[in-house]
Structure formats: C-alpha cells, structure tokens
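S.K.: My questions all concern the structure below.
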There are 2 protein chains.
Amino acid sequence: MIGEVANVEVGQAYSTRRQAHEAGVHRPLQAGICGTKKAGAESIVVSGGYKDDEDYGGVIVYTGHGGQDGANNQVSNQTLEDPGNAALVTSYLEGLPVRVIRGSQSGSPYAPSEGYRYDGLYRITGYGSKLGIDGFLIWQFRMEAYEDTPAPTARQQEELPEPAEPSTKGEGDRQPKGNEEPGRVTTTVQRIVRSSAVKRTVKAWHDNRCQVCGVRLEMPGGSYSEGAHIQGLGSPHNGPDTTGNVLCLCPNCHVMLDAGAIVLDEDLRVIRNGEDAGALRTHPKHSIDLECVKQHRERWRR
Amino acid sequence: MIGEVANVEVGQAYSTRRQAHEAGVHRPLQAGICGTKKAGAESIVVSGGYKDDEDYGGVIVYTGHGGQDGANNQVSNQTLEDPGNAALVTSYLEGLPVRVIRGSQSGSPYAPSEGYRYDGLYRITGYGSKLGIDGFLIWQFRMEAYEDTPAPTARQQEELPEPAEPSTKGEGDRQPKGNEEPGRVTTTVQRIVRSSAVKRTVKAWHDNRCQVCGVRLEMPGGSYSEGAHIQGLGSPHNGPDTTGNVLCLCPNCHVMLDAGAIVLDEDLRVIRNGEDAGALRTHPKHSIDLECVKQHRERWRR
C-alpha cells in the first residue's frame, strides 16, 4: 500500500524488522526496498547496508539495490532492471510518496539510537548513476521529505555509534559537504506531477501517450506522462475527480490545457490557440465527460 | 519588489491604504493590483471592489481589473491587456509569489474587522474568464497560500458586516459551496515551475524558446518555458545556481533532462535516448558551464 499506514504516526519506533513488517510499515524482512515496477515503491529502509548512502535528514541520497556480496561490498554494477530500483523509478515518474524507515545501523546522525523508526513520507526528486566507493556503477535516488513530514532531529555527536564517513561523492561534489544544512533541505523543484489513482488509470489506458500531440516521453526505466484535469478541481471550477475529467497529456500539452491555449470542442477536436489541431486521441475504456469539456472551453471564451 | 517585504510579518495590520503603501506592502493607493506585465504582480488587495471575488482563506478566487463604472458595477468586458491582469498572468507563467492584503470591506469571513491586513504570499494556480454576475466577461485568478503561509482564521458569523453572498458561480458550480472546507484548501497541482532570478534571466535571453527542441509554448497573455538546472542543485550533485548551469527548456525537454533521457556532449550536441538530436540552441550572452554538462552526462552513464 502506497502512502501512510493507518494508525502509524511519524516517529513510531520498532525494535526489529519483524515488528515493522507486522505493522505494515515495511513488509519485507530482508529487502531494503518494498515495491514493484508496476506499483512503485511502498517503503525503504535506510540502515547502512550501502556505504554510498547520504542522509541529511529532510533529504536522503539513497543507493539502489544489488551488486553486493554477502559482506555489503559492491562487486558488480547495479541496474534499473532490479525490481527494487525499478520500483523507485516508477515512484519518481509517478510522483508517488515513499515511506522511509531509518535503522540504527546506518551511522547517520538522523538514525534512531537503536532499532528502527518510521520517519514519514518522502518523494523522489531525482535519480542517477555514478561510480560508487567500491568502483562499480550504482544508482542513487534523491529523496525529500514532504513539507508536512516533520524532519528528524540529529543526535549529538557523542551519541553516534561511529563518526560519519567523509564525503565520497567525488566528481559530483563542488561544495564541501559541511555546507549542507541539516534537517529540511529543499533545493530541488519538483518537476514531476504526482499522479492520483484516477490519473494513473487514465495514463495506463493511454500507455503514457499524449492524447493531444501523441508524444510519449521515454525515460531511463520507463515512460512519463501526466494526468491533467480538464475542468479544474476546486473553486471556481469545481470539476469532478473522475477519469472522464482527466486526460493523459505530455507536460507541454498539460501546461497549455491549464492555461487555455488548448481547448476541446464538442466533437473532441483539439483547438490550439484558436486553430484546429486534429482529433483528441481516445481509448475505448476512456469516455470523456463532455460537460467538463464544455466548462473548460467556456472558461476560456474571449 | 516581488516576495516578502523586510520586517513585515504575516498578519500585520494597517488602518489605511496609505499605511500599507508606506510599508511597501502594497504601493498603489487606489489600484488593487500592483505590478507590470514584465515583472509580474507584487501584491493585490482583496477589498470587495469586485462582487465575483470568492475567499476561502487559503484559496482566493480573485477577479481581475477593469470594466467597471464608478459604482463598482461591471459595465464592459475585462481583458488580459489590462496591465494589472497582464501582471497576474506573468506571475502565473513564472510561478511567482504575490503578496495578499485583505481589507475589511470585502465581506469575506477572512477579512479583518477593520482596515487592512497583510496575509502573506500566495501563488496563482490557474486563471480563466467567465461571465460575471453583471453579465460581462471577467478574468479570475485562483490564488493559493504557500504551505508556509499561515492560513487566516475566519471570523464568527456575528462579527461579519453582512452575510456572505450566495454562490453565484453558476455553470462552473457542481459542488455546493458549503462543501468547500475553509482555511487551507489545496486541490490544485502546481503545474508551473517557479522561476528564480537566474532562471528568468536565461528564459529572457531565449525568449522562452526551448534550447533543445525549439518549441515555444504560446499562452493567453504570454509564452511559457522553464529554467532547468543541468547539474542538479543539492546533494548528491551540488550544482551551482548560475546561468551557466541553467537551460531554457519546454516542460517536456525539462522532464527528459532531469531523468537523463537528454544529455549534452562536450560539443553541446543533444543526445536524446542515446541518439544525436542536433545542436543545443545557444545565445551570445548565455555561456554554458561545460563542467556542469559533464557532471550531468556522467550521472547518466550506463
């Protein structure tokens, strides 16, 4: 299940992985990533298994899964085909929240002094590969706490099980790590638009192909599109959050729909800046709510 | 000046427009919108001059300027050519914050009981036209308080100068207004990416034309592009926030750059999903930081 778990508060402590498993906060007993390529990642555990991890509290640079021997040494390259890594890519492409659990072994000042702690929902704001400390390719995912997720507080140095590792980012590193302010750090604009269940349904029907221009953005590990409401939610438009009021669009056409540069006529033809731009692409399961189309069109009459 | 005013806290009260003017919170003494098409809107005053306004506290549906007689009756259509309305469109297209001042005349439960009050920064999450109460075309701008802007609290009914007007939205209205939860309401995904000063400089050089694909998104009242960092800010990439590290891109190419579907080679040729997609569009004033290009490219080696 993606998102918060009922009756579990941020900061909830667990002495063992089994307890976190039974609470449904992180279901696997061994794996650090819970999720699938299709559904995205439910939760991750930051517990020091990957020495390239970085933890700034409100921001975590989380190393993907795979390529290790039994002693947590990287002995081969990681890939996005790994189910856990593929799940994190999906979470990025869909803008889905991921539960973060910190374990005392991580050596991070934000880790609990013992056991495990649920630290709330984070979103993935970027990912990429680099050569890790052990000289093999690793994939890393930048995770940022949501605004309403309280940032964990750092323990005092003397409480730390061991001194934090020195920065090992190498190439990517221009600024001394010390400049990184602890706690909430928000330097990344969230480019990705979060998909609700309704939006994901529509996007799946169209296989991420834009209903207006037909483009399908291909990414490492997947493709990307956005669910766009035709009639805006909330006042003054008060459109319904239904599949009939959602289009599968590329980001460009989404921006243009939201600003009225694109409207649809009653025959579902696309009018782009006043000119006919062809028929809206459709799907048998996807019936468009013509009332919403009318509201949107009238909103932009001039 | 866009954004917060030094030494002015959210909730600051002013007995007169002149006091708000002298504080620099809202500079004009008469106009409800302070700003220009080029710079965007600095601030607005919600004070009941336009009967189509709606105020939900954390969300305001603000009616644009113009088309009224001396008695606040709408006697002609509003247009986006009006400087104040054009400023609000720019604030939308640039994702810029707007200072909101509420006046006691507005009849909103969120207005102060007397005088004026600075209520913090809001962003414009949508706009559109409709037929107003008086039967003429009006432009309205949906404004949402930023997460860190404390939502104003509604006064008790008995405190209200007059009962709130019944919903007059007509067509657009599917849900009874009573369902609208007061205070912070966030139903709109912020599609627009906020532009920093650095990004706005780069976008101006390229006149909002994408440096990768050459597209320029035309909107009612302006055009739209996004400033995209080549080397990500923040860990693990720690790229500099300089014009040399920013590209002017359309939203599609921005998403692809962020996910590594687009990288640049050392000669600034665009590599899209492994294939040469032509030379990056350049501008004499815009020298690209090749070190940032290298970092971004290496982040995506596979």
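Chain identifiers are assigned as A, B, and so on, following the order in which chains appear in the structure tokens; residues are numbered from 1 within each chain, and ligands are numbered from 1 in order of appearance.
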With a distance threshold of 6 Å and counting only C-alpha atoms, extract the residues of chain A near chain B and express them as a JSON list (two decimals) with N, CA and C atoms, in the first residue's frame.

M.R.:
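File written: part02.json
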```
[["chain", "number", "residue", "atom", "x", "y", "z"],
["A", 128, "GLY", "N", 19.99, 8.93, -10.51],
["A", 128, "GLY", "CA", 21.08, 8.88, -11.47],
["A", 128, "GLY", "C", 22.08, 7.81, -11.06],
["A", 129, "SER", "N", 23.04, 7.57, -11.95],
["A", 129, "SER", "CA", 24.06, 6.56, -11.65],
["A", 129, "SER", "C", 25.40, 7.23, -11.46],
["A", 130, "LYS", "N", 26.28, 6.58, -10.72],
["A", 130, "LYS", "CA", 27.66, 7.06, -10.61],
["A", 130, "LYS", "C", 28.53, 5.88, -10.18],
["A", 172, "GLY", "N", 30.95, 14.61, -8.47],
["A", 172, "GLY", "CA", 29.74, 15.42, -8.34],
["A", 172, "GLY", "C", 29.88, 16.53, -7.31],
["A", 187, "THR", "N", 16.18, 22.05, -2.23],
["A", 187, "THR", "CA", 16.88, 22.74, -3.31],
["A", 187, "THR", "C", 16.35, 22.31, -4.66],
["A", 219, "MET", "N", 11.97, 7.50, -20.81],
["A", 219, "MET", "CA", 12.96, 7.78, -19.77],
["A", 219, "MET", "C", 13.76, 6.53, -19.46],
["A", 233, "LEU", "N", -10.12, 21.17, -10.53],
["A", 233, "LEU", "CA", -10.70, 20.86, -9.23],
["A", 233, "LEU", "C", -10.72, 22.14, -8.41],
["A", 234, "GLY", "N", -11.58, 22.16, -7.43],
["A", 234, "GLY", "CA", -11.58, 23.31, -6.53],
["A", 234, "GLY", "C", -12.23, 24.53, -7.16],
["A", 237, "HIS", "N", -13.85, 26.30, -10.38],
["A", 237, "HIS", "CA", -14.29, 25.37, -11.44],
["A", 237, "HIS", "C", -15.03, 24.16, -10.87],
["A", 238, "ASN", "N", -14.50, 23.64, -9.73],
["A", 238, "ASN", "CA", -15.17, 22.54, -9.03],
["A", 238, "ASN", "C", -15.45, 21.34, -9.91],
["A", 251, "PRO", "N", 3.77, 16.91, -20.64],
["A", 251, "PRO", "CA", 3.84, 18.14, -19.85],
["A", 251, "PRO", "C", 3.52, 19.40, -20.65],
["A", 252, "ASN", "N", 3.99, 19.45, -21.91],
["A", 252, "ASN", "CA", 3.72, 20.65, -22.71],
["A", 252, "ASN", "C", 2.23, 20.87, -22.92],
["A", 261, "ALA", "N", -4.61, 27.50, -23.67],
["A", 261, "ALA", "CA", -4.05, 27.56, -25.02],
["A", 261, "ALA", "C", -4.56, 26.38, -25.83],
["A", 299, "ARG", "N", -14.60, 28.52, -19.99],
["A", 299, "ARG", "CA", -13.71, 29.27, -19.11],
["A", 299, "ARG", "C", -12.75, 30.13, -19.94],
["A", 300, "TRP", "N", -12.51, 29.70, -21.16],
["A", 300, "TRP", "CA", -11.50, 30.38, -21.98],
["A", 300, "TRP", "C", -12.10, 31.15, -23.15]]
```

S.K.: Give me every strand (DSSP E or B) residue in region 8-115 of chain B, going by DSSP on the backbone, as an NGL selection string.

M.R.: :B and (13-14 or 33-36 or 40-46 or 54-55 or 57 or 59-63 or 68 or 74 or 97-103)

S.K.: Which residues are near Thr90 (chain A)? Cut-off 10 Å, only C-alpha atoms, ignore same chain within fewer than 5 positions. Put them as a CSV table (one decimal) with N, CA and C atoms, in the first residue's frame.

M.R.:
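The result, written out as around24.csv:
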```csv
chain,number,residue,atom,x,y,z
A,35,GLY,N,8.4,-2.9,-3.1
A,35,GLY,CA,7.6,-2.4,-4.2
A,35,GLY,C,7.8,-3.1,-5.4
A,36,THR,N,7.1,-2.7,-6.5
A,36,THR,CA,7.2,-3.3,-7.8
A,36,THR,C,7.3,-2.3,-8.9
A,37,LYS,N,7.8,-2.7,-10.0
A,37,LYS,CA,7.9,-1.7,-11.1
A,37,LYS,C,6.6,-1.1,-11.5
A,38,LYS,N,5.5,-2.0,-11.4
A,38,LYS,CA,4.2,-1.5,-11.8
A,38,LYS,C,3.6,-0.5,-10.8
A,39,ALA,N,3.7,-0.9,-9.5
A,39,ALA,CA,3.0,-0.1,-8.5
A,39,ALA,C,3.9,1.0,-7.9
A,40,GLY,N,5.2,0.9,-8.1
A,40,GLY,CA,6.1,1.8,-7.4
A,40,GLY,C,6.5,1.3,-6.1
A,41,ALA,N,7.4,2.1,-5.4
A,41,ALA,CA,7.9,1.7,-4.1
A,41,ALA,C,7.0,2.1,-2.9
A,84,GLY,N,13.6,-3.7,-7.2
A,84,GLY,CA,13.5,-2.6,-6.2
A,84,GLY,C,13.9,-1.3,-6.8
A,85,ASN,N,14.9,-1.2,-7.7
A,85,ASN,CA,15.3,0.0,-8.3
A,85,ASN,C,14.3,0.5,-9.3
A,95,GLY,N,5.5,10.4,-9.3
A,95,GLY,CA,5.5,11.3,-8.2
A,95,GLY,C,4.8,10.8,-6.9
A,96,LEU,N,5.1,9.5,-6.7
A,96,LEU,CA,4.4,8.8,-5.5
A,96,LEU,C,5.2,8.9,-4.3
A,124,ILE,N,10.6,11.2,-4.3
A,124,ILE,CA,11.9,11.0,-5.1
A,124,ILE,C,12.0,12.2,-6.1
A,221,GLY,N,14.3,3.6,-17.7
A,221,GLY,CA,13.5,2.8,-16.7
A,221,GLY,C,12.0,2.9,-16.9
A,222,GLY,N,11.5,3.8,-17.9
A,222,GLY,CA,10.1,3.9,-18.0
A,222,GLY,C,9.7,5.0,-19.0
A,223,SER,N,8.4,5.3,-19.0
A,223,SER,CA,8.0,6.5,-19.8
A,223,SER,C,7.2,7.4,-18.9
A,224,TYR,N,6.9,8.6,-19.3
A,224,TYR,CA,6.3,9.6,-18.5
A,224,TYR,C,5.2,10.3,-19.2
```

S.K.: Report, in Å to a single decimal, how far apart CA of Val198 (chain B) and CA of Thr243 (chain B) are.

M.R.: 5.8 Å

S.K.: Using CA of Gly58 (chain B) and CA of Leu121 (chain B) as the two end points, give the distance in Å to one decimal.

M.R.: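 That distance, rounded to one decimal, is 10.4 Å.
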
S.K.: Rank A:Gly70, A:Val75, A:Leu290, A:Gly11 by their smallest atom-to-atom distance to Thr153 (chain A), using only C-alpha atoms, and report the top residue only.

M.R.: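 Between A:Gly70, A:Val75, A:Leu290, A:Gly11, the residue approaching Thr153 (chain A) most closely is A:Gly11.
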
S.K.: May I have the residues within 10 Å of Thr149 (chain B) as number ranges by chain, using only C-alpha atoms and disregarding those fewer than 5 positions away in the same chain?

M.R.: B: 10, 58, 119-122, 144, 184

S.K.: Go ahead and write the selection's residues with N, CA and C atoms as a PDB file, in the first residue's frame.

M.R.:
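What landed in part39.pdb:
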```
ATOM      1  N   VAL B  10       3.507  38.297   8.504  1.00  0.00           N
ATOM      2  CA  VAL B  10       2.147  37.944   8.112  1.00  0.00           C
ATOM      3  C   VAL B  10       1.204  38.300   9.262  1.00  0.00           C
ATOM      4  N   GLY B  58      -7.341  30.033   2.584  1.00  0.00           N
ATOM      5  CA  GLY B  58      -6.122  29.571   1.914  1.00  0.00           C
ATOM      6  C   GLY B  58      -6.216  29.635   0.400  1.00  0.00           C
ATOM      7  N   ASP B 119      -1.601  39.329   4.547  1.00  0.00           N
ATOM      8  CA  ASP B 119      -1.854  37.902   4.823  1.00  0.00           C
ATOM      9  C   ASP B 119      -0.834  36.974   4.181  1.00  0.00           C
ATOM     10  N   GLY B 120       0.299  37.510   3.733  1.00  0.00           N
ATOM     11  CA  GLY B 120       1.376  36.640   3.277  1.00  0.00           C
ATOM     12  C   GLY B 120       1.378  36.395   1.778  1.00  0.00           C
ATOM     13  N   LEU B 121       2.167  35.393   1.378  1.00  0.00           N
ATOM     14  CA  LEU B 121       2.408  35.118  -0.046  1.00  0.00           C
ATOM     15  C   LEU B 121       1.476  34.018  -0.563  1.00  0.00           C
ATOM     16  N   TYR B 122       0.883  34.292  -1.706  1.00  0.00           N
ATOM     17  CA  TYR B 122       0.051  33.320  -2.407  1.00  0.00           C
ATOM     18  C   TYR B 122       0.650  33.103  -3.791  1.00  0.00           C
ATOM     19  N   GLU B 144      -3.488  30.467  -4.248  1.00  0.00           N
ATOM     20  CA  GLU B 144      -3.372  29.560  -3.096  1.00  0.00           C
ATOM     21  C   GLU B 144      -2.245  30.019  -2.198  1.00  0.00           C
ATOM     22  N   ARG B 184      -6.957  26.317   4.707  1.00  0.00           N
ATOM     23  CA  ARG B 184      -6.101  25.819   3.632  1.00  0.00           C
ATOM     24  C   ARG B 184      -6.836  24.795   2.782  1.00  0.00           C
TER      25      ARG B 184
END
```

S.K.: Go through B:Gln105, B:Gln211, B:Ile230, B:Ala279 one by one, measure the shortest atom-to-atom distance of each to Leu249 (chain B) using only C-alpha atoms, and give the residue with the smallest value.

M.R.: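 Distance minimum relative to Leu249 (chain B) lands on B:Gln211.
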
S.K.: I'd like the interatomic distance between CA of His286 (chain A) and CA of Leu264 (chain A), to a tenth of an Å.

M.R.: 15.6 Å
